[in-house]
>>> print(open('run_27.txt').read())   # compact mmCIF, C-alpha atoms
# COMPACT_ATOMS: atom_id res chain seq x y z
CA MET S 216 212.01 153.64 -85.39
CA THR S 217 210.32 152.48 -88.59
CA ASN S 218 206.63 152.95 -88.78
CA PRO S 219 205.30 150.70 -91.56
CA ALA S 220 201.57 151.35 -91.52
CA PRO S 221 199.75 154.28 -89.92
CA LEU S 222 198.02 153.10 -86.76
CA THR S 223 194.48 153.83 -85.77
CA ALA S 224 193.96 155.96 -82.66
CA THR S 225 192.79 153.02 -80.59
CA LYS S 226 195.70 150.84 -81.60
CA MET S 227 198.11 153.68 -80.98
CA ALA S 228 196.72 154.27 -77.49
CA ALA S 229 196.83 150.58 -76.66
CA ARG S 230 200.39 150.28 -77.91
CA THR S 231 201.51 153.30 -75.87
CA ALA S 232 199.77 151.97 -72.77
CA VAL S 233 201.44 148.59 -73.14
CA ILE S 234 204.89 150.18 -73.56
CA LEU S 235 204.37 152.39 -70.52
CA PHE S 236 203.19 149.37 -68.56
CA ILE S 237 206.28 147.38 -69.53
CA PHE S 238 208.54 150.24 -68.41
CA VAL S 239 206.70 150.47 -65.09
CA VAL S 240 207.01 146.71 -64.53
CA ILE S 241 210.73 146.66 -65.36
CA PHE S 242 211.65 149.62 -63.16
CA THR S 243 209.41 148.58 -60.29
CA GLY S 244 211.12 145.18 -60.47
CA LEU S 245 214.50 146.89 -60.40
CA LEU S 246 213.43 148.91 -57.34
CA SER S 247 212.05 145.94 -55.43
CA GLY S 248 215.16 143.95 -56.26
CA ALA S 249 217.42 146.69 -54.93
CA TYR S 250 215.22 147.09 -51.84
CA ILE S 251 215.19 143.38 -50.96
CA TRP S 252 218.87 143.00 -51.68
CA THR S 253 219.96 145.94 -49.50
CA LEU S 254 217.40 145.53 -46.67
CA PRO S 255 219.46 143.32 -44.28
CA THR S 256 222.57 145.51 -44.64
CA ILE S 257 220.55 148.67 -44.10
CA GLN S 258 218.84 147.24 -41.01
CA ALA S 259 222.16 146.14 -39.52
CA ALA S 260 223.60 149.58 -40.16
CA ALA S 261 220.53 151.20 -38.60
CA SER S 262 220.76 149.24 -35.36
CA GLU S 263 224.51 149.91 -35.20
CA GLU S 264 223.66 153.56 -35.74
CA LYS S 265 221.17 153.39 -32.85
CA MET S 266 223.80 151.90 -30.55
CA LYS S 267 226.27 154.60 -31.60
CA LEU S 268 223.70 157.26 -30.74
CA ILE S 269 222.94 155.62 -27.39
CA ASP S 270 226.70 155.47 -26.72
CA GLU S 271 226.78 159.24 -27.03
CA VAL S 272 224.14 159.85 -24.36
CA LEU S 273 224.98 156.89 -22.15
CA PRO S 274 228.57 155.58 -21.77
CA ARG S 275 228.86 151.80 -21.92
CA SER S 276 230.34 151.65 -18.42
CA ASN S 277 226.83 152.37 -17.08
CA TYR S 278 225.31 149.04 -18.08
CA ASP S 279 226.03 145.44 -18.96
CA ASN S 280 222.75 144.32 -20.55
CA ASP S 281 221.65 144.34 -24.18
CA LEU S 282 219.55 147.45 -23.85
CA LEU S 283 218.16 147.32 -27.40
CA LYS S 284 216.26 144.22 -26.16
CA ASP S 285 215.22 145.61 -22.75
CA THR S 286 212.58 148.06 -23.84
CA VAL S 287 209.40 149.54 -22.53
CA ARG S 288 206.69 150.76 -24.88
CA ILE S 289 205.65 154.41 -24.58
CA GLY S 290 202.42 155.24 -26.40
CA ALA S 291 201.70 158.56 -28.05
CA THR S 292 202.47 161.02 -25.25
CA PRO S 293 201.85 164.76 -25.61
CA ALA S 294 204.20 165.46 -22.67
CA LEU S 295 207.05 164.02 -24.72
CA GLY S 296 205.81 165.59 -27.92
CA LEU S 297 205.37 162.12 -29.39
CA ASP S 298 202.39 161.46 -31.63
CA GLU S 299 203.36 157.84 -32.21
CA ALA S 300 204.47 155.00 -29.95
CA THR S 301 208.21 154.63 -29.29
CA SER S 302 210.44 152.39 -27.22
CA ALA S 303 212.44 153.48 -24.21
CA TYR S 304 215.58 151.47 -23.48
CA ARG S 305 216.49 150.38 -19.96
CA ALA S 306 220.11 150.04 -18.94
CA ARG S 307 220.95 147.63 -16.13
CA LYS S 308 224.12 146.82 -14.29
CA ASP S 309 224.26 143.58 -12.30
CA GLY S 310 220.50 143.34 -12.77
CA LYS S 311 219.88 146.73 -11.16
CA LEU S 312 218.33 149.47 -13.25
CA THR S 313 220.83 152.29 -13.78
CA ALA S 314 219.44 154.44 -16.57
CA LEU S 315 216.61 155.01 -19.00
CA VAL S 316 217.07 156.15 -22.59
CA LEU S 317 214.03 157.63 -24.26
CA GLU S 318 213.03 159.71 -27.24
CA ALA S 319 211.33 163.07 -27.04
CA VAL S 320 210.28 165.67 -29.59
CA ALA S 321 210.48 169.43 -29.32
CA PRO S 322 207.51 170.41 -31.50
CA ASP S 323 208.31 174.14 -31.65
CA GLY S 324 211.71 174.34 -33.37
CA TYR S 325 212.40 177.13 -35.86
CA ALA S 326 211.78 174.69 -38.73
CA GLY S 327 209.48 172.05 -37.32
CA LYS S 328 210.12 169.21 -34.97
CA ILE S 329 213.43 168.46 -33.26
CA ARG S 330 213.87 164.85 -32.20
CA LEU S 331 215.90 164.20 -29.07
CA LEU S 332 217.41 161.20 -27.36
CA ILE S 333 217.62 161.62 -23.61
CA ALA S 334 219.35 159.45 -21.00
CA LEU S 335 218.38 159.79 -17.35
CA ASN S 336 219.78 157.91 -14.36
CA SER S 337 217.64 156.25 -11.72
CA GLU S 338 217.59 159.45 -9.59
CA GLY S 339 216.16 161.44 -12.50
CA SER S 340 219.33 163.38 -13.35
CA LEU S 341 220.26 163.82 -17.00
CA ILE S 342 223.21 161.77 -18.19
CA GLY S 343 223.20 163.04 -21.74
CA VAL S 344 221.03 164.58 -24.45
CA ARG S 345 221.50 164.40 -28.22
CA VAL S 346 219.56 165.78 -31.17
CA THR S 347 218.79 162.93 -33.53
CA GLN S 348 216.80 164.73 -36.19
CA HIS S 349 216.05 168.34 -37.00
CA LYS S 350 215.54 170.75 -39.89
CA GLU S 351 216.97 173.89 -38.26
CA THR S 352 218.79 176.34 -40.52
CA PRO S 353 222.19 174.87 -41.48
CA GLY S 354 225.00 177.01 -40.12
CA LEU S 355 222.67 178.88 -37.81
CA GLY S 356 220.37 176.83 -35.59
CA ASP S 357 222.20 173.55 -36.07
CA TYR S 358 224.71 174.16 -33.25
CA ILE S 359 222.43 172.00 -31.10
CA GLU S 360 224.24 169.13 -32.87
CA PRO S 361 227.71 168.71 -31.35
CA LYS S 362 229.23 168.03 -34.80
CA LYS S 363 228.00 171.33 -36.23
CA GLY S 364 228.65 173.69 -33.33
CA LYS S 365 231.69 175.96 -33.22
CA ASP S 366 232.95 174.77 -29.83
CA LYS S 367 233.93 171.12 -30.26
CA GLU S 368 235.34 170.77 -26.74
CA ARG S 369 232.20 171.91 -24.94
CA PRO S 370 229.25 171.36 -27.27
CA TRP S 371 226.09 173.29 -26.56
CA ILE S 372 224.04 170.19 -25.80
CA ALA S 373 226.48 169.11 -23.04
CA GLN S 374 225.06 171.86 -20.81
CA PHE S 375 222.30 169.46 -19.77
CA ASN S 376 224.67 166.84 -18.42
CA GLU S 377 224.28 166.02 -14.72
CA LEU S 378 221.41 168.45 -14.20
CA ASN S 379 218.23 167.37 -12.52
CA PRO S 380 215.25 169.32 -13.89
CA THR S 381 212.93 168.20 -11.09
CA ALA S 382 215.28 169.69 -8.48
CA LEU S 383 215.70 173.03 -10.28
CA ASP S 384 213.36 175.96 -10.38
CA GLU S 385 211.42 176.37 -13.62
CA ARG S 386 212.64 179.97 -13.97
CA GLU S 387 216.21 178.75 -14.13
CA TRP S 388 215.40 176.19 -16.83
CA LYS S 389 215.51 178.69 -19.69
CA VAL S 390 218.03 180.19 -22.12
CA LYS S 391 220.08 183.10 -20.72
CA LYS S 392 218.23 185.56 -22.93
CA ASP S 393 215.02 184.66 -21.07
CA GLY S 394 216.73 184.87 -17.69
CA GLY S 395 217.69 181.21 -17.36
CA ARG S 396 220.95 179.29 -17.20
CA PHE S 397 221.46 177.99 -20.78
CA ASP S 398 223.66 179.62 -23.39
CA SER S 399 222.38 180.34 -26.87
CA VAL S 400 223.72 181.89 -30.06
CA ALA S 401 222.49 185.37 -30.95
CA GLY S 402 220.04 185.24 -33.85
CA ALA S 403 219.09 181.62 -33.20
CA THR S 404 217.30 181.39 -29.86
CA VAL S 405 214.10 179.73 -31.04
CA THR S 406 215.95 176.44 -31.51
CA PRO S 407 217.62 176.17 -28.07
CA ARG S 408 214.46 177.46 -26.39
CA ALA S 409 212.51 174.54 -27.90
CA VAL S 410 215.15 171.98 -26.92
CA VAL S 411 215.45 173.29 -23.35
CA LYS S 412 211.69 173.15 -22.90
CA ALA S 413 211.37 169.65 -24.32
CA VAL S 414 214.15 168.25 -22.13
CA ARG S 415 212.49 169.60 -19.00
CA LYS S 416 209.11 168.20 -20.00
CA ALA S 417 210.61 164.78 -20.70
CA ALA S 418 212.43 164.68 -17.35
CA LEU S 419 209.24 165.62 -15.50
CA TYR S 420 207.35 162.95 -17.41
CA VAL S 421 209.87 160.31 -16.35
CA ALA S 422 209.68 161.47 -12.71
CA GLU S 423 205.89 161.17 -12.79
CA ASN S 424 205.84 157.76 -14.44
CA ARG S 425 208.76 156.15 -12.65
CA GLU S 426 206.79 153.07 -11.65
CA THR S 427 205.55 152.11 -15.10
CA LEU S 428 208.78 152.97 -16.88
CA PHE S 429 211.25 151.39 -14.49
CA ALA S 430 209.34 148.45 -13.04
CA SER S 431 207.24 146.99 -15.85
CA GLN S 432 208.25 143.86 -17.73
CA SER S 433 210.20 144.18 -20.92
CA GLN S 434 208.03 144.05 -24.02
CA MET B 141 232.44 160.80 -80.49
CA ASN B 142 235.28 162.95 -81.77
CA ARG B 143 237.37 165.40 -79.79
CA GLU B 144 235.65 168.50 -81.04
CA GLU B 145 232.25 167.19 -80.04
CA PHE B 146 233.57 166.25 -76.63
CA SER B 147 235.13 169.63 -75.91
CA GLN B 148 231.94 171.31 -77.07
CA ILE B 149 229.89 169.26 -74.61
CA ALA B 150 232.41 170.08 -71.88
CA ALA B 151 232.39 173.81 -72.61
CA ASN B 152 228.59 173.84 -72.69
CA GLY B 153 228.28 172.09 -69.36
CA VAL B 154 230.96 173.93 -67.47
CA TRP B 155 230.46 177.45 -68.78
CA LYS B 156 228.21 178.30 -71.73
CA GLN B 157 225.09 176.47 -70.55
CA ASN B 158 226.01 176.33 -66.85
CA THR B 159 222.97 174.97 -65.04
CA SER B 160 223.05 177.39 -62.14
CA ILE B 161 224.09 180.71 -63.67
CA VAL B 162 222.86 180.41 -67.27
CA GLN B 163 219.95 177.97 -67.28
CA ILE B 164 219.02 178.94 -63.68
CA LEU B 165 217.66 175.45 -63.06
CA GLY B 166 217.27 173.66 -59.76
CA LEU B 167 217.08 176.79 -57.62
CA CYS B 168 215.30 175.07 -54.75
CA PRO B 169 218.12 172.68 -53.73
CA LEU B 170 220.63 175.40 -54.64
CA LEU B 171 219.19 177.89 -52.16
CA ALA B 172 218.58 175.35 -49.44
CA VAL B 173 221.88 173.53 -49.54
CA THR B 174 224.64 176.02 -50.35
CA THR B 175 225.08 177.33 -46.84
CA ASN B 176 228.65 176.09 -46.97
CA LEU B 177 231.15 174.90 -49.51
CA VAL B 178 231.12 171.24 -48.49
CA ASN B 179 227.32 170.94 -48.76
CA GLY B 180 227.30 172.55 -52.19
CA ALA B 181 230.06 170.29 -53.47
CA MET B 182 228.43 167.16 -52.02
CA LEU B 183 225.04 167.89 -53.59
CA SER B 184 226.78 168.42 -56.91
CA LEU B 185 228.73 165.16 -56.64
CA ALA B 186 225.53 163.23 -55.92
CA THR B 187 223.89 164.99 -58.89
CA ILE B 188 226.80 164.07 -61.17
CA ILE B 189 226.30 160.39 -60.35
CA VAL B 190 222.56 160.54 -61.03
CA MET B 191 222.91 162.62 -64.23
CA ALA B 192 225.56 160.27 -65.64
CA MET B 193 223.42 157.22 -64.91
CA SER B 194 220.16 158.67 -66.20
CA GLY B 195 221.97 159.99 -69.30
CA ILE B 196 223.23 156.51 -70.21
CA ALA B 197 219.94 154.80 -69.35
CA ILE B 198 217.73 157.13 -71.35
CA ALA B 199 220.08 157.45 -74.30
CA SER B 200 220.21 153.65 -74.58
CA LEU B 201 216.44 153.30 -74.33
CA ARG B 202 215.59 156.40 -76.37
CA ASN B 203 214.49 154.47 -79.47
CA LEU B 204 212.08 152.35 -77.43
CA ILE B 205 210.30 155.27 -75.78
CA PRO B 206 207.31 156.61 -77.72
CA HIS B 207 207.43 160.37 -78.06
CA GLU B 208 203.97 160.88 -76.52
CA ILE B 209 204.79 159.29 -73.18
CA ARG B 210 208.46 160.24 -72.94
CA ILE B 211 208.05 162.51 -69.90
CA PRO B 212 206.39 159.92 -67.60
CA VAL B 213 208.93 157.32 -68.72
CA PHE B 214 211.83 159.74 -68.06
CA ILE B 215 210.46 160.53 -64.61
CA LEU B 216 210.03 156.83 -63.90
CA ILE B 217 213.60 156.04 -64.95
CA VAL B 218 215.17 158.97 -63.09
CA ALA B 219 213.18 158.31 -59.91
CA ALA B 220 213.98 154.58 -60.00
CA LEU B 221 217.69 155.24 -60.54
CA VAL B 222 217.83 157.81 -57.73
CA THR B 223 216.12 155.40 -55.35
CA VAL B 224 218.47 152.56 -56.30
CA VAL B 225 221.50 154.84 -55.79
CA ASP B 226 220.02 155.90 -52.45
CA LEU B 227 219.56 152.28 -51.31
CA LEU B 228 222.99 151.15 -52.50
CA PHE B 229 224.67 154.10 -50.78
CA ASN B 230 222.77 153.40 -47.58
CA ALA B 231 223.74 149.73 -47.57
CA ASN B 232 227.33 149.77 -48.78
CA LEU B 233 228.75 153.23 -48.05
CA HIS B 234 226.93 153.99 -44.85
CA GLU B 235 229.40 156.60 -43.56
CA LEU B 236 229.23 158.54 -46.80
CA TYR B 237 225.45 158.08 -46.87
CA LEU B 238 225.13 159.89 -43.57
CA VAL B 239 226.73 162.90 -45.24
CA LEU B 240 225.25 162.65 -48.75
CA GLY B 241 222.04 160.93 -47.71
CA ILE B 242 219.86 163.99 -47.36
CA PHE B 243 220.96 165.25 -50.78
CA ILE B 244 220.13 162.18 -52.83
CA PRO B 245 216.32 162.38 -52.53
CA LEU B 246 216.60 166.13 -53.22
CA ILE B 247 217.95 165.30 -56.67
CA VAL B 248 214.63 163.84 -57.82
CA THR B 249 213.10 167.27 -57.36
CA ASN B 250 215.95 168.88 -59.27
CA CYS B 251 214.72 169.80 -62.72
CA ILE B 252 218.29 169.84 -64.08
CA VAL B 253 218.17 166.07 -64.39
CA LEU B 254 214.88 165.98 -66.27
CA ALA B 255 215.85 169.00 -68.37
CA ARG B 256 219.11 167.45 -69.60
CA VAL B 257 217.45 164.12 -70.20
CA GLU B 258 214.75 165.76 -72.31
CA ALA B 259 217.05 168.22 -74.09
CA PHE B 260 220.06 165.98 -74.66
CA ALA B 261 219.90 162.30 -73.75
CA ALA B 262 216.63 161.77 -75.62
CA LYS B 263 218.34 162.80 -78.89
CA ASN B 264 221.95 161.62 -78.52
CA PRO B 265 223.88 158.35 -78.17
CA PRO B 266 224.79 157.03 -74.68
CA LEU B 267 228.44 158.12 -74.60
CA GLN B 268 227.63 161.74 -75.48
CA SER B 269 224.76 161.74 -72.99
CA LEU B 270 227.07 160.41 -70.29
CA SER B 271 229.58 163.21 -70.85
CA ASP B 272 226.80 165.80 -71.07
CA GLY B 273 225.46 164.65 -67.70
CA VAL B 274 228.90 164.65 -66.11
CA PHE B 275 229.91 168.08 -67.44
CA MET B 276 226.56 169.67 -66.56
CA GLY B 277 227.28 168.30 -63.08
CA VAL B 278 230.82 169.71 -63.13
CA GLY B 279 229.40 173.12 -64.03
CA MET B 280 227.03 172.81 -61.10
CA LEU B 281 229.91 171.65 -58.89
CA TRP B 282 232.06 174.74 -59.32
CA THR B 283 229.12 177.14 -59.18
CA LEU B 284 227.59 175.65 -56.04
CA SER B 285 231.01 175.34 -54.38
CA LEU B 286 231.76 179.00 -55.14
CA LEU B 287 228.33 180.10 -53.94
CA GLY B 288 228.54 177.92 -50.82
CA GLY B 289 232.08 179.12 -50.09
CA LEU B 290 231.10 182.79 -50.45
CA ARG B 291 228.02 182.39 -48.23
CA GLU B 292 230.03 180.55 -45.62
CA LEU B 293 232.85 183.09 -45.65
CA ILE B 294 230.56 186.12 -45.48
CA GLY B 295 228.07 184.52 -43.10
CA ARG B 296 230.39 182.84 -40.63
CA GLY B 297 233.98 183.65 -41.57
CA THR B 298 234.89 180.01 -42.11
CA LEU B 299 235.60 177.80 -45.11
CA PHE B 300 235.17 174.03 -45.52
CA SER B 301 233.06 173.61 -42.38
CA GLY B 302 231.76 170.05 -42.21
CA ILE B 303 234.76 168.69 -44.14
CA ASP B 304 235.61 166.51 -41.13
CA MET B 305 232.41 164.56 -41.80
CA VAL B 306 233.48 163.77 -45.36
CA ILE B 307 237.23 163.31 -44.85
CA PRO B 308 237.97 162.61 -41.18
CA GLY B 309 241.07 164.40 -39.92
CA LEU B 310 240.65 167.58 -41.96
CA HIS B 311 239.54 170.71 -40.20
CA PRO B 312 237.53 173.72 -41.32
CA LEU B 313 239.48 176.93 -41.90
CA GLN B 314 238.73 180.02 -39.83
CA LEU B 315 239.57 182.75 -42.32
CA LEU B 316 238.13 185.80 -40.61
CA PRO B 317 238.99 186.59 -36.95
CA ALA B 318 237.26 184.32 -34.44
CA ASP B 319 235.22 187.22 -33.04
CA TYR B 320 233.69 187.92 -36.47
CA PRO B 321 230.04 188.55 -35.61
CA GLY B 322 228.69 186.78 -38.70
CA PHE B 323 226.36 188.12 -41.34
CA LEU B 324 223.02 186.44 -40.94
CA ILE B 325 221.47 187.21 -44.32
CA ALA B 326 224.22 185.34 -46.18
CA MET B 327 223.17 182.15 -44.41
CA LEU B 328 219.48 182.55 -45.26
CA PRO B 329 217.86 181.98 -48.68
CA PRO B 330 217.64 185.72 -49.53
CA GLY B 331 221.42 185.92 -49.22
CA ALA B 332 221.71 183.02 -51.64
CA PHE B 333 219.51 184.89 -54.13
CA ILE B 334 221.63 188.04 -53.83
CA LEU B 335 224.93 186.20 -54.25
CA LEU B 336 223.57 184.12 -57.13
CA GLY B 337 222.55 187.39 -58.79
CA CYS B 338 226.12 188.67 -58.32
CA LEU B 339 227.52 185.48 -59.88
CA ILE B 340 225.20 185.79 -62.89
CA ALA B 341 226.19 189.45 -63.29
CA TRP B 342 229.88 188.49 -63.07
CA LYS B 343 229.45 185.85 -65.77
CA ASN B 344 227.58 188.24 -68.06
CA TRP B 345 230.26 190.90 -67.51
CA ILE B 346 232.99 188.48 -68.59
CA GLU B 347 230.99 187.47 -71.65
CA ALA B 348 230.31 191.09 -72.58
CA ARG B 349 233.98 192.01 -72.19
CA ALA B 350 235.07 189.06 -74.34
CA ALA B 351 232.53 189.99 -76.99
CA ALA B 352 233.68 193.62 -76.99
CA ARG B 353 237.32 192.61 -77.33
CA GLN B 354 236.52 190.34 -80.24
CA GLN B 355 234.69 193.11 -81.99
CA ARG B 356 237.61 195.50 -81.58
CA ARG B 357 240.04 193.02 -83.12
CA LEU B 358 237.98 192.75 -86.27
CA PRO B 359 238.83 195.22 -89.03
CA GLU B 360 236.54 198.21 -89.20
CA PRO B 361 233.54 197.22 -91.25
CA LEU B 362 233.20 199.21 -94.45
CA ALA B 363 230.83 202.05 -94.08
CA THR B 364 227.91 201.33 -96.26
CA GLY B 365 224.98 203.59 -96.62
CA SER B 366 221.91 201.70 -95.73
>>> encode(input="run_27.txt", output="structure tokens")
Amino acid sequence: MTNPAPLTATKMAARTAVILFIFVVIFTGLLSGAYIWTLPTIQAAASEEKMKLIDEVLPRSNYDNDLLKDTVRIGATPALGLDEATSAYRARKDGKLTALVLEAVAPDGYAGKIRLLIALNSEGSLIGVRVTQHKETPGLGDYIEPKKGKDKERPWIAQFNELNPTALDEREWKVKKDGGRFDSVAGATVTPRAVVKAVRKAALYVAENRETLFASQSQ
Amino acid sequence: MNREEFSQIAANGVWKQNTSIVQILGLCPLLAVTTNLVNGAMLSLATIIVMAMSGIAIASLRNLIPHEIRIPVFILIVAALVTVVDLLFNANLHELYLVLGIFIPLIVTNCIVLARVEAFAAKNPPLQSLSDGVFMGVGMLWTLSLLGGLRELIGRGTLFSGIDMVIPGLHPLQLLPADYPGFLIAMLPPGAFILLGCLIAWKNWIEARAAARQQRRLPEPLATGS
């Protein structure tokens, strides 16, 4: 760059500030443009993703309604480990309520929170559980995700299927190492312990709040 | 750009100035991500894309950026590009995004990008900067893949686990017997440090051996009293 006349300090500072400002404007514009342009596609992909996740915990044969629209609001609930409001989805077949899909958080994972998606039928038995978000050690604690576990035929998380936590003794609802019924991998028991505990708490919460969760109007 | 210049940039990126075992840059994502080969390779691929783009962008704009504020401008450009790549991936290549997605934001924190931009792209034309970014990424690719593969093999006895998420239909290899108990430390960050140390030692050993051989080939220097 040619620099014809030496600039005074003030002029120099002003010039630099203006250049920096122009860069900020251009790149912020670029960012907003990209954000606005991609937003609809990303949202569509996200709701498809949600349905795919729900399909894993609740087979489509269980319901015939659009359950993403039939929701009930759950406020911040310590029993579910939730510190913000979420939506629970209600599955209906021929107008009759068949299942409830809700989110829960295990706050005491090895590396922070583990988010779960849980489907329960109208009797309170578990239909399916999936981990939706976690930061457990890759290759060690991440076997709670069916895709990452060693046994693809019988993933770890499938152990919950068809169990009813309210009908089982609390002592049984633990990992085998603690004298319970659930398997775990040696060297990574903190993770399954947290998940097992959170699933039980969520099922008990649903049993206690049946009326509000199952009967209230969709919001 | 002539051939000689190009091969020099390539050699620098892949071996002589290898980001992971010579410059030792970007250790944080390196330690966190290389628990298996696929993760290491995927992080490197995402980094290659970002380094190539930021190399071109900054080399083209280098004459417009005042020296005094170059660092904030570089950070702005790199962060904006990473975010745009992240959004475009999320919208258009959603399947791949689910695999690469967690790695893309990690790249902003990777000092390799800023280091190459400051050391190379700020002083060279766009085409050279593009190849520098790509070859620095290639150097990172083989190092992280090797490190990830070693950690995976020692830690779990498998190779390519998670490949089915990138290329459906392929399966991980079980190289050690299925009842291999695993070696926990290889999966944890300390194991990554130890193996990275071994890789650096291996590279230095090769260099030292090459240097010694070259010295031997030279004629004996004349003995001069000094």
>>> residues_around(input="run_27.txt", residues="Ser194 of chain B", least_positions_apart="5", cutoff="12 Å", atoms="all atoms listed in the file", output="VMD selection string")
chain B and resid 187 to 189 199 to 202 213 to 222 224 to 225 247 to 248 252 to 258 260 to 262 266 to 267 269 to 274
>>> closest_residue(input="run_27.txt", among="S:Gly394, S:Thr301, S:Lys365, S:Ala430", to="Thr298 of chain B", atoms="all atoms listed in the file")
S:Lys365
>>> interface_residues(input="run_27.txt", of="chain S", to="chain B", cutoff="9 Å", atoms="only C-alpha atoms", output="PyMOL selection string")
chain S and resi 216+231-232+234-235+238-239+242-243+245-246+249-250+253-260+352-355+362-363+402
>>> closest_residue(input="run_27.txt", among="S:Val400, S:Ala319, S:Ala294, S:Leu331", to="Glu423 of chain S", atoms="all atoms listed in the file")
S:Ala294
>>> residues_around(input="run_27.txt", residues="Asn152 of chain B", least_positions_apart="5", cutoff="10 Å", atoms="only C-alpha atoms", output="compact mmCIF listing (two decimals) with C-alpha atoms, in the coordinates of the input")
# COMPACT_ATOMS: atom_id res chain seq x y z
CA PHE B 146 233.57 166.25 -76.63
CA SER B 147 235.13 169.63 -75.91
CA GLN B 157 225.09 176.47 -70.55
CA ASN B 158 226.01 176.33 -66.85
CA THR B 159 222.97 174.97 -65.04
CA ASP B 272 226.80 165.80 -71.07
CA PHE B 275 229.91 168.08 -67.44
CA MET B 276 226.56 169.67 -66.56
CA GLY B 279 229.40 173.12 -64.03
>>> residues_around(input="run_27.txt", residues="segment 370-377 of chain S", least_positions_apart="4", cutoff="7 Å", atoms="only C-alpha atoms", output="ChimeraX atom specification")
/S:340-345,358-359,361,364,366
>>> axis_aligned_box(input="run_27.txt", around="segment 187-200 of chain B", padding_each_side="4 Å", output="lines of an AutoDock Vina configuration file")
center_x = 222.3
center_y = 159.3
center_z = -66.7
size_x = 17.1
size_y = 19.3
size_z = 23.7
>>> closest_residue(input="run_27.txt", among="B:Ala150, B:Ile334, B:Ile196, B:Val190", to="Leu287 of chain B", atoms="all atoms listed in the file")
B:Ile334
>>> closest_residue(input="run_27.txt", among="S:Asp298, S:Asp323, S:Asp270, S:Glu338", to="Leu282 of chain S", atoms="only C-alpha atoms")
S:Asp270
>>> closest_residue(input="run_27.txt", among="B:Phe243, B:Phe323, B:Trp342, B:Trp155", to="Leu170 of chain B", atoms="all atoms listed in the file")
B:Phe243
>>> residues_around(input="run_27.txt", residues="Thr313 of chain S", least_positions_apart="3", cutoff="10 Å", atoms="all atoms listed in the file", output="VMD selection string")
chain S and resid 277 to 278 305 to 310 335 to 338 429
>>> write_last_selection(input="run_27.txt", atoms="C-alpha atoms", output="PDB file, in the coordinates of the input")
ATOM      1  CA  ASN S 277     226.830 152.370 -17.080  1.00  0.00           C
ATOM      2  CA  TYR S 278     225.310 149.040 -18.080  1.00  0.00           C
ATOM      3  CA  ARG S 305     216.490 150.380 -19.960  1.00  0.00           C
ATOM      4  CA  ALA S 306     220.110 150.040 -18.940  1.00  0.00           C
ATOM      5  CA  ARG S 307     220.950 147.630 -16.130  1.00  0.00           C
ATOM      6  CA  LYS S 308     224.120 146.820 -14.290  1.00  0.00           C
ATOM      7  CA  ASP S 309     224.260 143.580 -12.300  1.00  0.00           C
ATOM      8  CA  GLY S 310     220.500 143.340 -12.770  1.00  0.00           C
ATOM      9  CA  LEU S 335     218.380 159.790 -17.350  1.00  0.00           C
ATOM     10  CA  ASN S 336     219.780 157.910 -14.360  1.00  0.00           C
ATOM     11  CA  SER S 337     217.640 156.250 -11.720  1.00  0.00           C
ATOM     12  CA  GLU S 338     217.590 159.450  -9.590  1.00  0.00           C
ATOM     13  CA  PHE S 429     211.250 151.390 -14.490  1.00  0.00           C
TER      14      PHE S 429
END
>>> atom_distance(input="run_27.txt", atom1="atom CA of Ile269 of chain S", atom2="atom CA of Ile333 of chain S")
8.9 Å
>>> closest_residue(input="run_27.txt", among="B:Ala151, B:Val178, B:Leu339, B:Ala192", to="Ser285 of chain B", atoms="only C-alpha atoms")
B:Val178
>>> decode(input="run_27.txt", residues="segment 329-346 of chain B", atoms="C-alpha atoms", output="JSON list (two decimals), in the first residue's frame")
[["chain", "number", "residue", "atom", "x", "y", "z"],
["B", 329, "PRO", "CA", -6.35, -37.34, 27.39],
["B", 330, "PRO", "CA", -3.18, -38.50, 29.24],
["B", 331, "GLY", "CA", -2.91, -41.39, 26.78],
["B", 332, "ALA", "CA", -3.13, -38.91, 23.93],
["B", 333, "PHE", "CA", -0.26, -36.91, 25.45],
["B", 334, "ILE", "CA", 1.88, -40.03, 25.80],
["B", 335, "LEU", "CA", 1.23, -41.23, 22.26],
["B", 336, "LEU", "CA", 1.74, -37.74, 20.83],
["B", 337, "GLY", "CA", 5.09, -37.68, 22.64],
["B", 338, "CYS", "CA", 5.97, -41.01, 21.00],
["B", 339, "LEU", "CA", 5.03, -39.63, 17.57],
["B", 340, "ILE", "CA", 7.19, -36.54, 18.09],
["B", 341, "ALA", "CA", 10.09, -38.73, 19.22],
["B", 342, "TRP", "CA", 9.62, -40.97, 16.16],
["B", 343, "LYS", "CA", 9.70, -37.95, 13.83],
["B", 344, "ASN", "CA", 12.82, -36.54, 15.50],
["B", 345, "TRP", "CA", 14.50, -39.96, 15.29],
["B", 346, "ILE", "CA", 13.87, -40.13, 11.54]]
